[in-house]
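Student: Quick one: the structure is below, questions incoming.
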Amino acid sequence: MLTLADVQAAQHRLRSVAKVTPLIYADSLSQSAGHPVYLKAENLQLGGAFKLRGAYNKISSLADDERRRGVIAHSSGNHAIAVAYACKLLGVRAVIVIPDNAVETKVKITLSYSAEVVRCGPMLNDREDTTRQLQEQHGYVLVHPFNDPQIMAGQGTAGLEIMDALPEVQAVLTPVGGGGLISGVAVAVKSRNPAVKVIGVEPQGANDAYRSLREGTLVTLEHPDTIADGLRSQHLGALTYQVIKRYVDDIVLVSDEEILDTVRILAENEKLVVEPSGAVAAAALRLRRAGSFTGPAVALLSGGNIEPALLKSLF
């Protein structure tokens, strides 16, 4: 099981690499929610998303012979960017398997960091099969997007930063895709203060974690359908599911329309550019979907790599 010591070790590795992103008071969301709302602005992280934390923690921990073999990852976008960026910093070859339906803005950023991109079908199984074949052929080291303790520990450093900046926080909300982010954040937050609520947020069309928590078994979706491309995972990881069962208080849902409304509100009122996947936690607080609080709550904005055309269409 992931521990606070794992997250603290990751924080030490990331100290000279990842930004300590700001915690921003959101006046418009606070008025809607009826309590103070703060935004953990991981959309301002290097690479445009929180994913650098886990990717760098994993790759920087590899042995020299593993680095020489090169790494492989599969991703719809933000993990791809993070792995490519971390590998460029560390001088490691990066091969990234990306689905055909990925946001092309994210693909271009990945390529800009000199990674090799291999395209595949749109489903998680397509990514995993292609990645496995390339691993067997070339001996690459896998950097999994979520189901890896070092990935989870790296993502959890955002939780430590929240607790350092706002110790009186009552709830921390994060998006849920494969579960790496919420797993790490939950361990960090609950280890510091068990009374703080940790709540995940998923799109209605990709509700596998929501169902898994309620049904008591790992649920797999055949065809997740949501505008939030970074949250289209078909299922949680075996490791992330165990952490979520132990540490996460609840998972709630928001619709695609509510997500896009929140993307617009964040841009218009808070002057923050956030992609749909990154806006789900803010949407849940804005709509009071996660319960009522008297004190401050934090929504983690997980990424800001939005297609310009989509952002323009919201105004």
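Here's how to read the names in the structure tokens: chain A, B, ... by the order shown, residue numbers from 1 in each chain, ligand numbers from 1 in the order shown.
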May I have the residues within 9 Å of stretch 225-242 of chain A as a ChimeraX atom specification, using only C-alpha atoms and disregarding those fewer than 3 positions away in the same chain?
Tutor: /A:1-2,75-78,101-103,123-125,146-149,152,175-180,182-184,202-209,212-213,217-222,245-247,255-257,259-260,275-280
Student: Taking the chain letters and numbering used in this document, name the residues of stretch 151-314 of chain A that DSSP puts in alpha helix (DSSP H), as a ChimeraX atom specification.
Tutor: /A:151-165,180-192,208-215,238-247,256-269,276-286,308-313
Student: Write out, as a short mmCIF file (atom, residue, chain, number, x, y, z; two decimals), in the first residue's frame, the residues just selected, with C-alpha atoms.
Tutor:
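Final file, result.cif:
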```
data_model
loop_
_atom_site.label_atom_id
_atom_site.label_comp_id
_atom_site.auth_asym_id
_atom_site.auth_seq_id
_atom_site.Cartn_x
_atom_site.Cartn_y
_atom_site.Cartn_z
CA ILE A 151 3.46 7.30 -10.42
CA MET A 152 0.88 7.48 -7.63
CA ALA A 153 3.44 8.86 -5.17
CA GLY A 154 4.51 11.56 -7.60
CA GLN A 155 0.93 12.69 -8.19
CA GLY A 156 0.41 12.74 -4.43
CA THR A 157 2.88 15.59 -4.05
CA ALA A 158 0.10 17.93 -5.20
CA GLY A 159 -1.82 16.83 -2.09
CA LEU A 160 1.10 17.69 0.18
CA GLU A 161 1.25 21.15 -1.38
CA ILE A 162 -2.45 21.67 -0.74
CA MET A 163 -2.10 20.71 2.91
CA ASP A 164 0.93 22.97 3.35
CA ALA A 165 -0.81 25.94 1.76
CA GLY A 180 -3.30 7.58 -10.01
CA LEU A 181 -3.93 11.21 -9.06
CA ILE A 182 -6.64 10.64 -6.48
CA SER A 183 -4.72 7.70 -4.97
CA GLY A 184 -1.62 9.75 -4.32
CA VAL A 185 -3.52 12.83 -3.19
CA ALA A 186 -5.73 10.77 -0.85
CA VAL A 187 -2.74 9.18 0.87
CA ALA A 188 -1.02 12.55 1.26
CA VAL A 189 -4.11 14.37 2.54
CA LYS A 190 -5.45 11.65 4.84
CA SER A 191 -2.00 11.06 6.32
CA ARG A 192 -1.80 14.73 7.23
CA ASP A 208 -16.34 3.19 -13.81
CA ALA A 209 -14.73 4.40 -10.55
CA TYR A 210 -18.08 5.70 -9.27
CA ARG A 211 -19.61 2.28 -9.89
CA SER A 212 -16.58 0.37 -8.59
CA LEU A 213 -16.72 2.18 -5.25
CA ARG A 214 -20.45 1.46 -4.86
CA GLU A 215 -20.52 -2.10 -6.19
CA ALA A 238 -5.68 -2.92 -9.46
CA LEU A 239 -3.41 -0.83 -7.22
CA THR A 240 -5.34 2.43 -7.49
CA TYR A 241 -8.61 0.65 -6.76
CA GLN A 242 -7.24 -0.67 -3.47
CA VAL A 243 -6.07 2.79 -2.38
CA ILE A 244 -9.37 4.39 -3.39
CA LYS A 245 -11.36 1.84 -1.40
CA ARG A 246 -9.30 2.60 1.69
CA TYR A 247 -8.84 6.37 1.53
CA ASP A 256 -20.36 16.92 -20.21
CA GLU A 257 -22.54 20.03 -20.41
CA GLU A 258 -21.69 20.91 -16.81
CA ILE A 259 -18.00 20.33 -17.52
CA LEU A 260 -17.98 22.65 -20.52
CA ASP A 261 -19.92 25.32 -18.62
CA THR A 262 -17.24 25.16 -15.95
CA VAL A 263 -14.41 25.42 -18.51
CA ARG A 264 -16.06 28.61 -19.76
CA ILE A 265 -16.59 30.01 -16.24
CA LEU A 266 -12.98 29.32 -15.28
CA ALA A 267 -11.73 31.13 -18.37
CA GLU A 268 -14.17 34.03 -18.16
CA ASN A 269 -14.25 34.69 -14.41
CA PRO A 276 -12.49 19.50 -19.83
CA SER A 277 -10.77 16.73 -17.84
CA GLY A 278 -9.23 19.36 -15.59
CA ALA A 279 -12.52 21.12 -14.86
CA VAL A 280 -14.58 18.27 -13.41
CA ALA A 281 -13.65 18.87 -9.75
CA ALA A 282 -14.43 22.57 -10.03
CA ALA A 283 -17.75 21.66 -11.67
CA ALA A 284 -18.70 19.40 -8.76
CA LEU A 285 -17.99 22.15 -6.21
CA ARG A 286 -19.77 24.81 -8.26
CA PRO A 308 -8.13 26.14 -29.10
CA ALA A 309 -11.18 25.52 -31.30
CA LEU A 310 -13.08 23.94 -28.40
CA LEU A 311 -12.25 26.81 -26.07
CA LYS A 312 -13.31 29.36 -28.69
CA SER A 313 -16.62 27.55 -29.24
#
```
Student: Looking at A:Leu29, A:Leu39, A:Cys120, A:Leu301, which one is nearest to A:His74, with distances taken over only C-alpha atoms?
Tutor: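 Between A:Leu29, A:Leu39, A:Cys120, A:Leu301, the residue approaching A:His74 most closely is A:Cys120.
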Student: What's around A:Leu46 at 9 Å? Count only C-alpha atoms, leave out sequence neighbours fewer than 2 positions away in its own chain, and write the answer as a list in words.
Tutor: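 Selected residues are Val17, Ala18, Lys19, Glu42, Asn43, Leu44, Gly48, Ala49, Phe50, Leu52, Ala82 and Tyr85 of chain A.
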Student: So, with only C-alpha atoms as the atoms that count, which of A:Ser16, A:Thr3, A:Thr110, A:Ser30 lies closest to A:Val83?
Tutor: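 Among A:Ser16, A:Thr3, A:Thr110, A:Ser30, it is A:Thr110 that comes nearest to A:Val83.
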Student: Would you list the contacts of A:Ile251 as a PyMOL selection string, taking every protein, DNA or RNA residue within 6 Å and counting only C-alpha atoms, but skipping same-chain residues closer than 2 positions in sequence?
Tutor: chain A and resi 199-201+210
Student: Could you check how far atom CA of A:Val117 sits from atom CA of A:His138, in Å to one decimal?
Tutor: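 These two atoms are separated by 14.9 Å.
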Student: For the strand (DSSP E) assignment from backbone DSSP, which residues of stretch 63-291 of chain A qualify? Please present them as a VMD selection string.
Tutor: chain A and resid 71 to 74 94 to 99 116 to 120 141 to 142 171 to 175 197 to 203 250 to 254
Student: Mind dumping the selected residues with N, CA and C atoms as a short mmCIF file (atom, residue, chain, number, x, y, z; two decimals), in the first residue's frame?
Tutor:
```
data_model
loop_
_atom_site.label_atom_id
_atom_site.label_comp_id
_atom_site.auth_asym_id
_atom_site.auth_seq_id
_atom_site.Cartn_x
_atom_site.Cartn_y
_atom_site.Cartn_z
N VAL A 71 12.12 4.01 -22.40
CA VAL A 71 10.83 3.77 -21.76
C VAL A 71 9.71 3.84 -22.78
N ILE A 72 8.61 3.21 -22.42
CA ILE A 72 7.41 3.26 -23.25
C ILE A 72 6.22 3.60 -22.35
N ALA A 73 5.31 4.37 -22.90
CA ALA A 73 4.10 4.74 -22.17
C ALA A 73 2.94 4.75 -23.14
N HIS A 74 1.73 4.60 -22.61
CA HIS A 74 0.53 4.77 -23.43
C HIS A 74 -0.34 5.83 -22.78
N ALA A 94 12.15 7.94 -25.34
CA ALA A 94 10.73 7.81 -25.01
C ALA A 94 9.95 7.38 -26.24
N VAL A 95 9.19 6.30 -26.09
CA VAL A 95 8.25 5.84 -27.12
C VAL A 95 6.86 5.92 -26.50
N ILE A 96 5.95 6.62 -27.18
CA ILE A 96 4.61 6.86 -26.61
C ILE A 96 3.55 6.30 -27.55
N VAL A 97 2.69 5.44 -27.01
CA VAL A 97 1.55 4.90 -27.76
C VAL A 97 0.35 5.78 -27.48
N ILE A 98 -0.21 6.38 -28.54
CA ILE A 98 -1.29 7.36 -28.40
C ILE A 98 -2.47 6.93 -29.28
N PRO A 99 -3.69 6.94 -28.76
CA PRO A 99 -4.85 6.53 -29.55
C PRO A 99 -5.16 7.51 -30.68
N GLU A 116 9.10 9.51 -29.66
CA GLU A 116 8.58 8.76 -30.80
C GLU A 116 7.14 8.39 -30.51
N VAL A 117 6.24 8.69 -31.43
CA VAL A 117 4.81 8.44 -31.23
C VAL A 117 4.34 7.30 -32.13
N VAL A 118 3.64 6.34 -31.52
CA VAL A 118 3.02 5.23 -32.25
C VAL A 118 1.51 5.33 -32.03
N ARG A 119 0.74 5.39 -33.11
CA ARG A 119 -0.71 5.53 -32.98
C ARG A 119 -1.36 4.14 -32.89
N CYS A 120 -2.55 4.11 -32.23
CA CYS A 120 -3.28 2.85 -32.06
C CYS A 120 -4.77 3.15 -32.03
N VAL A 141 11.14 -0.13 -20.91
CA VAL A 141 10.59 -0.13 -19.56
C VAL A 141 9.25 0.61 -19.57
N LEU A 142 8.23 -0.01 -19.02
CA LEU A 142 6.90 0.60 -19.01
C LEU A 142 6.80 1.70 -17.95
N ALA A 171 -12.20 19.78 2.38
CA ALA A 171 -12.38 18.77 1.33
C ALA A 171 -11.45 19.05 0.18
N VAL A 172 -10.93 17.98 -0.42
CA VAL A 172 -10.10 18.07 -1.62
C VAL A 172 -10.75 17.21 -2.69
N LEU A 173 -11.04 17.82 -3.84
CA LEU A 173 -11.67 17.11 -4.94
C LEU A 173 -10.70 17.01 -6.10
N THR A 174 -10.62 15.82 -6.71
CA THR A 174 -9.76 15.62 -7.87
C THR A 174 -10.51 14.86 -8.95
N PRO A 175 -10.11 15.05 -10.21
CA PRO A 175 -10.65 14.19 -11.27
C PRO A 175 -10.21 12.74 -11.07
N LYS A 197 -12.09 15.48 3.83
CA LYS A 197 -12.76 14.64 2.86
C LYS A 197 -11.97 14.64 1.54
N VAL A 198 -11.78 13.47 0.97
CA VAL A 198 -11.18 13.34 -0.36
C VAL A 198 -12.24 12.76 -1.28
N ILE A 199 -12.58 13.52 -2.31
CA ILE A 199 -13.71 13.16 -3.17
C ILE A 199 -13.25 13.19 -4.62
N GLY A 200 -13.54 12.12 -5.33
CA GLY A 200 -13.23 12.05 -6.75
C GLY A 200 -14.41 12.51 -7.58
N VAL A 201 -14.11 12.95 -8.80
CA VAL A 201 -15.15 13.41 -9.72
C VAL A 201 -14.91 12.77 -11.09
N GLU A 202 -15.96 12.20 -11.65
CA GLU A 202 -15.91 11.58 -12.97
C GLU A 202 -17.01 12.15 -13.86
N PRO A 203 -16.83 12.10 -15.18
CA PRO A 203 -17.94 12.38 -16.09
C PRO A 203 -18.99 11.28 -16.02
N ASP A 250 -15.71 9.52 -1.32
CA ASP A 250 -16.82 9.40 -2.27
C ASP A 250 -16.32 9.74 -3.66
N ILE A 251 -17.08 9.32 -4.66
CA ILE A 251 -16.88 9.73 -6.05
C ILE A 251 -18.23 10.21 -6.57
N VAL A 252 -18.24 11.38 -7.21
CA VAL A 252 -19.47 11.97 -7.71
C VAL A 252 -19.34 12.22 -9.21
N LEU A 253 -20.47 12.52 -9.83
CA LEU A 253 -20.52 12.63 -11.29
C LEU A 253 -20.95 14.01 -11.75
N VAL A 254 -20.45 14.41 -12.91
CA VAL A 254 -20.90 15.63 -13.58
C VAL A 254 -21.10 15.32 -15.07
#
```
Student: Just want the 10 Å neighbourhood of A:Leu90, counted on only C-alpha atoms, with same-chain residues fewer than 5 positions away dropped. Output as JSON, numbers by chain.
Tutor: {"A": [56, 59, 60, 67, 84, 85]}
Student: Those selected residues, please, written with C-alpha atoms and delivered as an mmCIF file, in the first residue's frame.
Tutor:
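File written: again.cif
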```cif
data_model
loop_
_atom_site.group_PDB
_atom_site.id
_atom_site.type_symbol
_atom_site.label_atom_id
_atom_site.label_comp_id
_atom_site.auth_asym_id
_atom_site.auth_seq_id
_atom_site.Cartn_x
_atom_site.Cartn_y
_atom_site.Cartn_z
ATOM 1 C CA TYR A 56 9.507 12.255 -13.458
ATOM 2 C CA ILE A 59 11.746 7.698 -14.660
ATOM 3 C CA SER A 60 14.277 9.375 -12.378
ATOM 4 C CA ARG A 67 17.320 4.056 -18.686
ATOM 5 C CA ALA A 84 8.299 12.917 -23.137
ATOM 6 C CA TYR A 85 9.309 15.985 -21.122
#
```
Student: So which residues touch A:Asn57 within 7 Å, counting only C-alpha atoms, skipping near sequence neighbours fewer than 4 positions away, as number ranges by chain?
Tutor: A: 10, 13-14, 53, 61, 150-151, 154
Student: Go ahead and dump the residues you just picked, C-alpha atoms, as a PDB file, in the first residue's frame.
Tutor:
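This is the output file again.pdb:
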```
ATOM      1  CA  ALA A  10       8.749  11.814  -4.517  1.00  0.00           C
ATOM      2  CA  ARG A  13      12.981  14.111  -6.208  1.00  0.00           C
ATOM      3  CA  LEU A  14      10.690  16.694  -7.785  1.00  0.00           C
ATOM      4  CA  ARG A  53       4.965  14.727 -11.063  1.00  0.00           C
ATOM      5  CA  SER A  61      14.079   6.301 -10.119  1.00  0.00           C
ATOM      6  CA  GLN A 150       5.921   5.656  -8.053  1.00  0.00           C
ATOM      7  CA  ILE A 151       3.459   7.299 -10.424  1.00  0.00           C
ATOM      8  CA  GLY A 154       4.514  11.560  -7.602  1.00  0.00           C
TER       9      GLY A 154
END
```
Student: Counting only C-alpha atoms, which residue out of A:Lys51, A:Lys88, A:Tyr38, A:Gln8 sits closest to A:Gly303?
Tutor: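 Closest to A:Gly303 of all the choices is A:Lys51.
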Student: Between atom CA of A:Ile109 and atom CA of A:Ile81, what is the spacing in Å?
Tutor: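 Spanning atom CA of A:Ile81 to atom CA of A:Ile109 is a straight-line distance of 6.4 Å.
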Student: Check the smallest atom-to-atom distance from each of A:Gly34, A:Pro224, A:Pro22, A:Gly139 to A:Arg68 using only C-alpha atoms, then report the winner.
Tutor: A:Gly139
Student: Using atom CA of A:Arg93 and atom CA of A:Glu136 as the two end points, give the distance in Å to one decimal.
Tutor: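 Atom-to-atom, atom CA of A:Arg93 to atom CA of A:Glu136, that is 16.3 Å.
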